[in-house]
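Trainee: One structure, as structure tokens, below. Some questions next.
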Amino acid sequence: MEKQWFTISVYSENHVGLLHRISGIFLKRHINIESLNVSKSEIDDVSKFTIVVYTTERWTTHIVAQIEKQVEVIKAYYHTDDETIYQESALFKIASHLLFDERQIQNIIKDSHSQIVTVSRDFFVLAKTGRRHEIDQMYQELEPFGIMQFVRSGRITVTKAEMPISALLEKFQHA
Amino acid sequence: MEPVKAMKKQAAETKTVTITGAEAIIHCLLAEGVDLLYGYPGGAIMPVYDELYKFKDRLHHVLTRHEQGAVHAAQGYARVSGRVGVAMATSGPGATNLVTGLADAQIDSTPVVCITGQVPRHLLGSDAFQETDIVGISTPVTKWNYQVTRAEEIPEIMAKAFYIARSGRPGPVLVDITKNAQFDTLEFEYKPCRGVRSYTPNPKPDMAAIEAAAELINTAKKPYIIYGQGVILGEAEAELNALVEKSGIPAAWTILGLSAMDSDHPLNVGMVGMHGNYGPNVLTNECDVLIAIGMRFDDRVTGNLETYAKQAKVIHFEIDPAEVDKNVKTHLAVLGNAKETLSLLLPKIKKNSHEAWLAEFHKKDQEEFNAVIDKDLNPTKPGLTMGEVVAEINRATGHKAVIVSDVGQHQMIACRYAKFRQSKSNITSGGLGTMGFALPAAIGAKMGAPEREVVAIVGDGGYQMNIQELGTIFQTKTPVKIVVLNNDFLGMVRQWQELFFDRRYASTIMTNPDFVKIAEGYHIKARRVDAREDLSAAVTEMIACPDAYFLEVKVEKEDNVFPMIPSGASVSDIRLK
């Protein structure tokens with residue numbers, strides 16, 4: 001079975017030990033977490049983990065089953081890239097003089113649709129939101145001029161299909 | 001935290017009482033029906049022990065000689081009684097000594113609640129004396145765990161702990177309680193846990209799946225049942241028996257499924273797995289429908305998955321959705337508690353018999369008898385075999401004893417030859433293969449079923465891994481019978497060295513002490529047997545003894561356990577020699 005990118009979405013209770021429990025499931029199987037994001041979800045008091053892995057569908061189904069087995073996990077789903085809308089964010093810290101000395105930098109900012117978050121005497125910060133390859137491209141373009149600092153966030157994802165968590169929780173309420 | 005005012009108001013309305021966290025822990029245990037627990041005191045759990053002292057008439061604490069002994073005893077208690085076993089330890093080394101037992105209980109689905117003391121909240125993270133992150137350490141080996149840092153959390157967390165440990169697919173839960181939470185007071189009120197919204201312990205059976213399963217079973221030509229511990233944990237023994245008898249389908253046990261059916265039932269055809277019976281392994285690859293009930297296709301059961309039951313349609317009756325398609329791709333999964341799903345299935349099953357198919361098992365049985373069993377049970381060579389000792393124990397106990405085995409050759413022999421009439425009688429460390437399990441687990445088993453004879457069968461290696469628990473047996477006067485099958489080797493490893501490492505016996509030769517003297521040092525009646533003519537009388541004397549009894553049997557040093565599926569081979573390639 002071929003490896004591909006999968007996004008695993010986990011709806012859970014907000015419990016302090018759960019991240020450790022979930023990461024252990026990947027560790028045990030030697031599967032690298034390519035990116036991880038934890039945030040609130042569309043439901044009050046329900047957290048959402050967004051985990052990106054590059055592996056086979058067989059392993060992904062195993063992992064999702066093991067995640068879902070955890071007491072504090074309400075439901076876990078997995079999706080391919082085609083089934084989701086996803087973005088990442090990145091910040092680039094660059095020396096301020098380049099903004100004036102290198103014409104090309106201004107073109108990169110314009111063409112990449114990135115934003116200048118702040119400008120100080122010594123440095124300025126660019127923020128870029130988009131797909132991984134767009135951020136990678138921008139990185140490559142800026143690299144020759146010198147990047148003082150770079151950071152990229154985990155992937156955040158919404159799915160095209162429904163993930164019916166509210167119905168599940170309601171069912172429990174009436175059980 | 002709730003405002004103090006609101007809490008007081010609530011307290012007044014529900015007529016709660018103000019008690020310390022330590023006392024609350026005792027009340028929680030009592031409310032959960034616990035009257036017995038195992039443990040070892042220490043600094044961070046002392047307030048709870050102080051309360052145990054006050055409640056000793058209602059809650060019996062057994063002081064083991066090591067925390068590992070406590071958790072294995074709790075496991076033995078749970079396995080034999082079906083109730084939640086409870087173990088208690090202090091922080092740091094007390095807590096880490098529980099880890100092996102937690103891992104064992106996790107992989108063998110045993111309901112256990114472990115309570116550990118922890119340094120006071122204000123010292124957490126400061127590398128305080130006997131501080132260890134037991135919640136972090138135990139996470140991969142517990143079904144659930146939690147650190148309590150405030151006294152008022154105790155009732156809810158304890159209720160949740162017991163609920164999670166026993167519900168659905170059972171497992172171990174650890175509750176770590178900081179010392180300040182034990183000292184502080186709370187308004188105590190206990191509400192048993194009835195559910196956790198993110199947790200579905202018993203998947204609802206799908207009638208369409210049940211119908212489909214019945215259809216497959218009714219039309220099968222060579223159907224074959226493999227049953228595991230899910231039958232025992234789900235208390236579905238009667239349903240399994242009814243299914244087997246109505247359908248006429250041969251049924252084999254996994255090591256942890258053993259004792260769910262009468263050993264001598266004509267349709268109970270033997271054990272699957274690495275040292276299981278010949279027919280049950282080979283015919284796995286000849287059945288047309290494989291009905292797996294409450295088992296998880298462990299690698300010791302399946303051998304090479306690429307050649308496992310490929311010809312068969314596999315129906316998997318399973319409570320844990322994560323087990324479905326994990327190792328063996330199923331044709332049909334029937335999720336749910338085995339008692340529930342089998343009850344729904346039964347009326348849809350047609351009365352049938354499979355005489356020709358069953359005869360194939362009998363034929364293979366005969367081959368195995370000629371090649372292996374006869375030599376094991378009716379040996380003509382001078383050295384005693386493990387098999388004849390187990391058979392002698394069977395005879396002396398009328399097949400009614402609880403057999404607690406450790407890990408290794410003697411375990412495989414015990415699970416092959418011990419005969420059972422009653423469920424929850426075979427207690428052994430299956431998934432984790434924990435040497436040292438049997439002696440403390442036998443203590444728990446005897447306390448969980450005091451009316452039953454409990455015989456621990458242990459090797460000379462595993463015995464010495466928790467031999468200190470003889471002290472617990474002595475102090476509590478627990479009348480367990482201990483049989484050490486002594487070959488002065490780590491026998492199973494030695495067997496592998498003989499077969500696969502050209503007899504290079506690296507670190508498997510044991511120079512053993514005088515086990516009889518050691519037992520006698522604990523004032524336990526003891527005897528050694530090294531000749532066949534003394535075996536029967538010694539076993540009879542042991543079973544007749546009303547107190548604890550230690551019997552060492554010197555067995556043949558270099559016997560091997562057969563049949564055997566070499567590691568990674570197919571079940572079809574099981575060796576008879």
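Starting from 1 in every chain, residues are counted up; chains themselves are A, B, ... following the order of the structure tokens, and ligands are numbered from 1 as listed.
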For B:Val71, work out the shell of residues within 9 Å, counting only C-alpha atoms and skipping chain neighbours fewer than 2 positions away, then give it as a ChimeraX atom specification.
Mentor: /B:38-39,67-69,73-76,85-88,97-102,105,112,114,440-441
Trainee: Since we have the selection now, will you write its residues out, keeping N, CA and C atoms, as a short mmCIF file (atom, residue, chain, number, x, y, z; two decimals), in the first residue's frame?
Mentor:
data_model
loop_
_atom_site.label_atom_id
_atom_site.label_comp_id
_atom_site.auth_asym_id
_atom_site.auth_seq_id
_atom_site.Cartn_x
_atom_site.Cartn_y
_atom_site.Cartn_z
N TYR B 38 -4.42 -4.76 48.05
CA TYR B 38 -3.03 -5.16 48.23
C TYR B 38 -2.17 -3.92 48.14
N GLY B 39 -1.11 -3.88 48.92
CA GLY B 39 -0.29 -2.69 48.82
C GLY B 39 0.92 -2.70 49.71
N GLU B 67 5.80 -4.04 45.65
CA GLU B 67 4.61 -3.49 44.98
C GLU B 67 4.22 -4.32 43.76
N GLN B 68 5.21 -4.93 43.10
CA GLN B 68 4.86 -5.79 41.95
C GLN B 68 3.99 -6.95 42.41
N GLY B 69 4.31 -7.47 43.62
CA GLY B 69 3.48 -8.53 44.20
C GLY B 69 2.06 -8.03 44.42
N ALA B 73 -1.14 -9.65 42.62
CA ALA B 73 -2.16 -10.23 43.49
C ALA B 73 -3.53 -9.65 43.13
N ALA B 74 -3.56 -8.33 42.90
CA ALA B 74 -4.83 -7.69 42.51
C ALA B 74 -5.32 -8.26 41.19
N GLN B 75 -4.40 -8.56 40.29
CA GLN B 75 -4.77 -9.16 39.00
C GLN B 75 -5.34 -10.56 39.20
N GLY B 76 -4.67 -11.36 40.04
CA GLY B 76 -5.15 -12.72 40.29
C GLY B 76 -6.55 -12.69 40.89
N GLY B 85 -9.69 -5.58 40.94
CA GLY B 85 -8.62 -5.73 41.92
C GLY B 85 -8.03 -4.37 42.24
N VAL B 86 -7.61 -4.19 43.49
CA VAL B 86 -7.10 -2.88 43.90
C VAL B 86 -5.71 -3.04 44.51
N ALA B 87 -4.79 -2.19 44.05
CA ALA B 87 -3.44 -2.18 44.62
C ALA B 87 -3.07 -0.74 44.98
N MET B 88 -2.26 -0.60 46.02
CA MET B 88 -1.90 0.73 46.50
C MET B 88 -0.40 0.79 46.74
N ASN B 97 7.28 0.43 40.67
CA ASN B 97 7.23 -1.03 40.83
C ASN B 97 5.90 -1.62 40.39
N LEU B 98 4.91 -0.78 40.20
CA LEU B 98 3.61 -1.26 39.73
C LEU B 98 3.57 -1.43 38.21
N VAL B 99 4.54 -0.85 37.53
CA VAL B 99 4.42 -0.69 36.07
C VAL B 99 4.28 -2.03 35.34
N THR B 100 5.07 -3.03 35.73
CA THR B 100 4.99 -4.34 35.06
C THR B 100 3.59 -4.93 35.19
N GLY B 101 3.01 -4.80 36.37
CA GLY B 101 1.66 -5.32 36.57
C GLY B 101 0.63 -4.54 35.76
N LEU B 102 0.82 -3.24 35.67
CA LEU B 102 -0.10 -2.43 34.86
C LEU B 102 -0.03 -2.87 33.40
N ALA B 105 -1.75 -6.16 33.02
CA ALA B 105 -3.20 -6.01 33.09
C ALA B 105 -3.74 -5.33 31.82
N VAL B 112 -8.19 -3.52 37.01
CA VAL B 112 -7.40 -3.23 38.20
C VAL B 112 -7.41 -1.72 38.41
N CYS B 114 -5.16 1.00 40.50
CA CYS B 114 -3.98 1.23 41.32
C CYS B 114 -4.04 2.67 41.85
N PRO B 440 2.49 -14.23 43.29
CA PRO B 440 1.56 -13.23 43.83
C PRO B 440 0.14 -13.36 43.26
N ALA B 441 0.01 -13.71 41.98
CA ALA B 441 -1.34 -13.84 41.41
C ALA B 441 -2.11 -14.96 42.11
#
Trainee: Please tabulate, as a tab-separated table, the residues of chain B that come within 12 Å of chain A, each with its closest pair of atoms and the distance in Å to one decimal, counting only C-alpha atoms and ordering rows by chain, then residue number upward.
Mentor:
residue	atom	partner	partner_atom	distance
B:Asp133	CA	A:Gly17	CA	11.6
B:Ile134	CA	A:Gly17	CA	11.7
B:Val135	CA	A:Gly17	CA	8.1
B:Gly136	CA	A:His20	CA	7.5
B:Ile137	CA	A:His20	CA	10.1
B:Ser138	CA	A:Arg21	CA	9.9
B:Thr139	CA	A:Arg21	CA	6.1
B:Pro140	CA	A:Gly24	CA	6.6
B:Val141	CA	A:Arg21	CA	9.9
B:Thr142	CA	A:Arg21	CA	9.7
B:Lys143	CA	A:Gln70	CA	7.4
B:Trp144	CA	A:Val71	CA	6.9
B:Asn145	CA	A:Gly17	CA	8.3
B:Tyr146	CA	A:Gly17	CA	7.8
B:Gln147	CA	A:Gly17	CA	9.3
B:Val148	CA	A:Val16	CA	11.9
B:Lys160	CA	A:Val71	CA	10.6
B:Ala161	CA	A:Val71	CA	11.0
B:Tyr163	CA	A:Val71	CA	11.2
B:Ile164	CA	A:Val71	CA	8.1
B:Ala165	CA	A:Val71	CA	10.8
B:Ser167	CA	A:Val71	CA	11.2
B:Gly168	CA	A:Lys69	CA	10.9
B:Arg169	CA	A:Lys69	CA	10.2
B:Pro170	CA	A:Val71	CA	11.9
B:Gly171	CA	A:Val71	CA	11.5
B:Val173	CA	A:Val71	CA	11.1
B:Arg194	CA	A:Ala175	CA	10.7
B:Gly195	CA	A:Phe172	CA	8.8
B:Val196	CA	A:Val71	CA	7.9
B:Arg197	CA	A:Phe172	CA	5.9
B:Ser198	CA	A:Ile74	CA	4.2
B:Tyr199	CA	A:Val71	CA	5.1
B:Thr200	CA	A:Val71	CA	8.2
B:Pro201	CA	A:Val71	CA	9.0
B:Asn202	CA	A:Lys69	CA	11.7
B:Pro203	CA	A:Lys69	CA	11.6
B:Lys204	CA	A:Ala175	CA	11.9
B:Ile319	CA	A:Lys69	CA	11.2
B:Asp320	CA	A:Lys69	CA	7.9
B:Pro321	CA	A:Ala65	CA	6.9
B:Ala322	CA	A:Ala65	CA	4.7
B:Glu323	CA	A:Ala65	CA	8.3
B:Val324	CA	A:Ala65	CA	9.1
B:Asp325	CA	A:His62	CA	8.4
B:Lys326	CA	A:His62	CA	6.6
B:Asn327	CA	A:His62	CA	9.8
B:Lys329	CA	A:Arg58	CA	10.8
Trainee: Provide the atom CA of B:Ala260 to atom CA of B:Val231 distance in Å, to one decimal place.
Mentor: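 Atom-to-atom, atom CA of B:Ala260 to atom CA of B:Val231, that is 6.8 Å.
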Trainee: Go through B:Glu239, B:Arg575, B:Ala212, B:Gly448 one by one, measure the shortest atom-to-atom distance of each to B:Thr478 using only C-alpha atoms, and give the residue with the smallest value.
Mentor: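 With only C-alpha atoms as the atom set, the closest residue is B:Gly448.
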Trainee: Might you pull out every residue within 12 Å of A:Arg132, with only C-alpha atoms counted and same-chain residues fewer than 3 positions away left off, and present them as a list of chain:residue names?
Mentor: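 Using only C-alpha atoms, the neighbours found are A:Glu34, A:Ser35, A:Asp81, A:Tyr86, A:Gln87, A:Glu88, A:Ser89, A:Ala90, A:Lys128, A:Thr129, A:Ile135, A:Asp136, A:Gln137, A:Met138, A:Tyr139, A:Arg152, A:Ser153, A:Gly154, A:Arg155, A:Ile156.
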